[in-house]
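Engineer: A single structure is presented below for examination.
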Amino acid sequence: MLWSTPHSCGPGFTKRKLQGKCIFITGGSGFVGKAIVEKLLRSVPDVTIILLIRPKRGKSAQERLEEILNDKVFELVRNEKGVTVFSHVHAVEGNIEDVDMFGMQPSDYLEMCAKVQIVIHSAATLDFAVSLRNATSTNLIGTKNVLKFGQQCLKLLALVHVSSAYVNSNRDAAEERLYEVPADSNWLINLCNHSTDEELEGMLPEYVTIYKVSRFRD
């Protein structure tokens, strides 16, 4: 196991455990995703990072990766290690919402399943104004697809799901425990498939935010 017991942790523990690993990251173009990539490049030797990136506004996954790595957040690691450090980061074109292997070619998908050891799922829509249908597609169906990918990774050591305190936005405080949800994920997906946008909007008040309701889990 990657982390066996809490007592095994110590200075440099995570660095040693991640050294040389192949890490697959979704949401690498977002605020948290960029911070994760920067930290890995700066602190972990010989790491391989694969970012799942969808084409956007006429730009390919590779073009978007170049934009990401030109962000100011990477200035420190660029100055410390030089531009060659970015050779550890690779873009694969795909979309977490696509149930068919992220929309990738089967050979590319199977290659990733064979070499990825750690999955970090940081992709989500945080736009509270987006429709429940779209939020469910990204936050729920997308997460299910990432979990399915993780199950198919032959060398998987860990799958990390990045979420937000806003899933408990209707609470004064969020304790470190699992909260019950009013319905399972399949129910919500089925509801979105058989309801109009107007019908879905009428169901929201109880859950306060679209982000919260689209984060249902089985």
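Naming works like this for the structure tokens: A, B, ... for the chains as they're shown, residue 1 at the start of each chain, ligands 1 onward in shown order.
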With only C-alpha atoms as the counted atoms, please give the residues lying no more than 6 Å from range 90-92 of chain A, apart from itself and same-chain residues fewer than 3 positions off, as a list of chain:residue names.
Structural biologist: A:Ile50, A:Leu51, A:Leu52, A:Gln62
Engineer: Mind listing the helix (DSSP H, G or I) residues of range 16-216 of chain A, per DSSP on the backbone, as a PyMOL selection string?
Structural biologist: chain A and resi 16-18+31-43+61-69+72-81+83-88+101-103+106-115+132-152+165-168+185-193+197-201+205-207+210-213
Engineer: Provide the CA of Phe24 in chain A to CA of Ile120 in chain A distance in Å, to one decimal place.
Structural biologist: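 Result for CA of Phe24 in chain A versus CA of Ile120 in chain A: 6.2 Å, one decimal.
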Engineer: Just the number, please: distance in Å from CA of Ile118 in chain A to CA of Cys22 in chain A, one decimal.
Structural biologist: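 Calculated distance between CA of Ile118 in chain A and CA of Cys22 in chain A is 6.5 Å.
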Engineer: Considering only C-alpha atoms, return as a list in words whatever protein or nucleic-acid residues lie within 9 Å of Thr125 in chain A, sequence-local ones (same chain, fewer than 4 positions apart) excluded.
Structural biologist: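 The filter keeps Val130, Asn134, Ala135, Thr138, Asn139 and Tyr211 of chain A.
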Engineer: Could you pull the residues within 10 Å of Ser163 in chain A, counting only C-alpha atoms, minus those fewer than 5 positions along the same chain, as a PyMOL selection string?
Structural biologist: chain A and resi 121-124+139+215
Engineer: Can you tell me, as a list in words, what residues are no more than 8 Å from range 102-112 of chain A when counting only C-alpha atoms, ignoring any on the same chain fewer than 4 positions away?
Structural biologist: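 In the requested form, the answer reads Glu93, Gly94, Asn95, Ile96, Glu97, Asp98, Val116, Asn145 and Cys153 of chain A.
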Engineer: Write out as an MDAnalysis selection string the set of residues from range 40-172 of chain A that DSSP, computed on the backbone, places in strand (DSSP E).
Structural biologist: chainID A and resid 48:53 89:93 118:121 158:161
Engineer: Restricting the calculation to only C-alpha atoms, which member of A:Thr136, A:Asn186, A:Gln19, A:Asn70 is positioned closest to Ile49 in chain A?
Structural biologist: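 Ranking A:Thr136, A:Asn186, A:Gln19, A:Asn70 by distance to Ile49 in chain A, first place goes to A:Gln19.
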Engineer: Counting only C-alpha atoms, which residue out of A:Glu201, A:Asp172, A:Val32, A:Gly142 sits closest to Ala129 in chain A?
Structural biologist: A:Glu201
Engineer: So which one's closest to Ser87 in chain A, A:Glu175, A:Ala158, A:Thr48, A:Asp197? Using only C-alpha atoms, please.
Structural biologist: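 The answer is A:Thr48, which sits nearest to Ser87 in chain A.
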Engineer: Write out as a ChimeraX atom specification each polymer residue whose atoms come within 12 Å of Lys72 in chain A, counting only C-alpha atoms; drop sequence neighbours fewer than 4 positions from it.
Structural biologist: /A:31,34-35,38,67-68,76-79
Engineer: Let me see the file: selected residues, N, CA and C atoms, as a PDB file, in the first residue's frame.
Structural biologist:
ATOM      1  N   PHE A  31      -7.459  25.917 -10.401  1.00  0.00           N
ATOM      2  CA  PHE A  31      -6.627  26.504  -9.346  1.00  0.00           C
ATOM      3  C   PHE A  31      -5.932  25.427  -8.513  1.00  0.00           C
ATOM      4  N   LYS A  34      -3.489  23.088 -10.697  1.00  0.00           N
ATOM      5  CA  LYS A  34      -2.184  23.696 -10.977  1.00  0.00           C
ATOM      6  C   LYS A  34      -1.281  23.634  -9.751  1.00  0.00           C
ATOM      7  N   ALA A  35      -1.858  23.863  -8.582  1.00  0.00           N
ATOM      8  CA  ALA A  35      -1.064  23.822  -7.349  1.00  0.00           C
ATOM      9  C   ALA A  35      -0.514  22.420  -7.108  1.00  0.00           C
ATOM     10  N   GLU A  38       2.337  21.815  -9.673  1.00  0.00           N
ATOM     11  CA  GLU A  38       3.524  22.595  -9.300  1.00  0.00           C
ATOM     12  C   GLU A  38       4.254  21.952  -8.131  1.00  0.00           C
ATOM     13  N   GLU A  67      -0.247  26.453 -22.163  1.00  0.00           N
ATOM     14  CA  GLU A  67      -0.792  27.618 -21.460  1.00  0.00           C
ATOM     15  C   GLU A  67      -0.740  27.414 -19.950  1.00  0.00           C
ATOM     16  N   ILE A  68      -1.090  26.219 -19.511  1.00  0.00           N
ATOM     17  CA  ILE A  68      -1.075  25.909 -18.080  1.00  0.00           C
ATOM     18  C   ILE A  68       0.328  26.082 -17.513  1.00  0.00           C
ATOM     19  N   LEU A  76       8.444  29.637  -9.902  1.00  0.00           N
ATOM     20  CA  LEU A  76       9.432  29.174  -8.926  1.00  0.00           C
ATOM     21  C   LEU A  76      10.098  27.884  -9.384  1.00  0.00           C
ATOM     22  N   VAL A  77       9.297  26.894  -9.772  1.00  0.00           N
ATOM     23  CA  VAL A  77       9.883  25.621 -10.192  1.00  0.00           C
ATOM     24  C   VAL A  77      10.659  25.785 -11.492  1.00  0.00           C
ATOM     25  N   ARG A  78      10.221  26.703 -12.349  1.00  0.00           N
ATOM     26  CA  ARG A  78      10.948  26.970 -13.595  1.00  0.00           C
ATOM     27  C   ARG A  78      12.323  27.567 -13.284  1.00  0.00           C
ATOM     28  N   ASN A  79      12.380  28.494 -12.341  1.00  0.00           N
ATOM     29  CA  ASN A  79      13.644  29.130 -11.973  1.00  0.00           C
ATOM     30  C   ASN A  79      14.566  28.170 -11.232  1.00  0.00           C
TER      31      ASN A  79
END
Engineer: If I take CA of Val119 in chain A and CA of Leu154 in chain A, how far is one from the other in Å, to one decimal?
Structural biologist: 12.1 Å
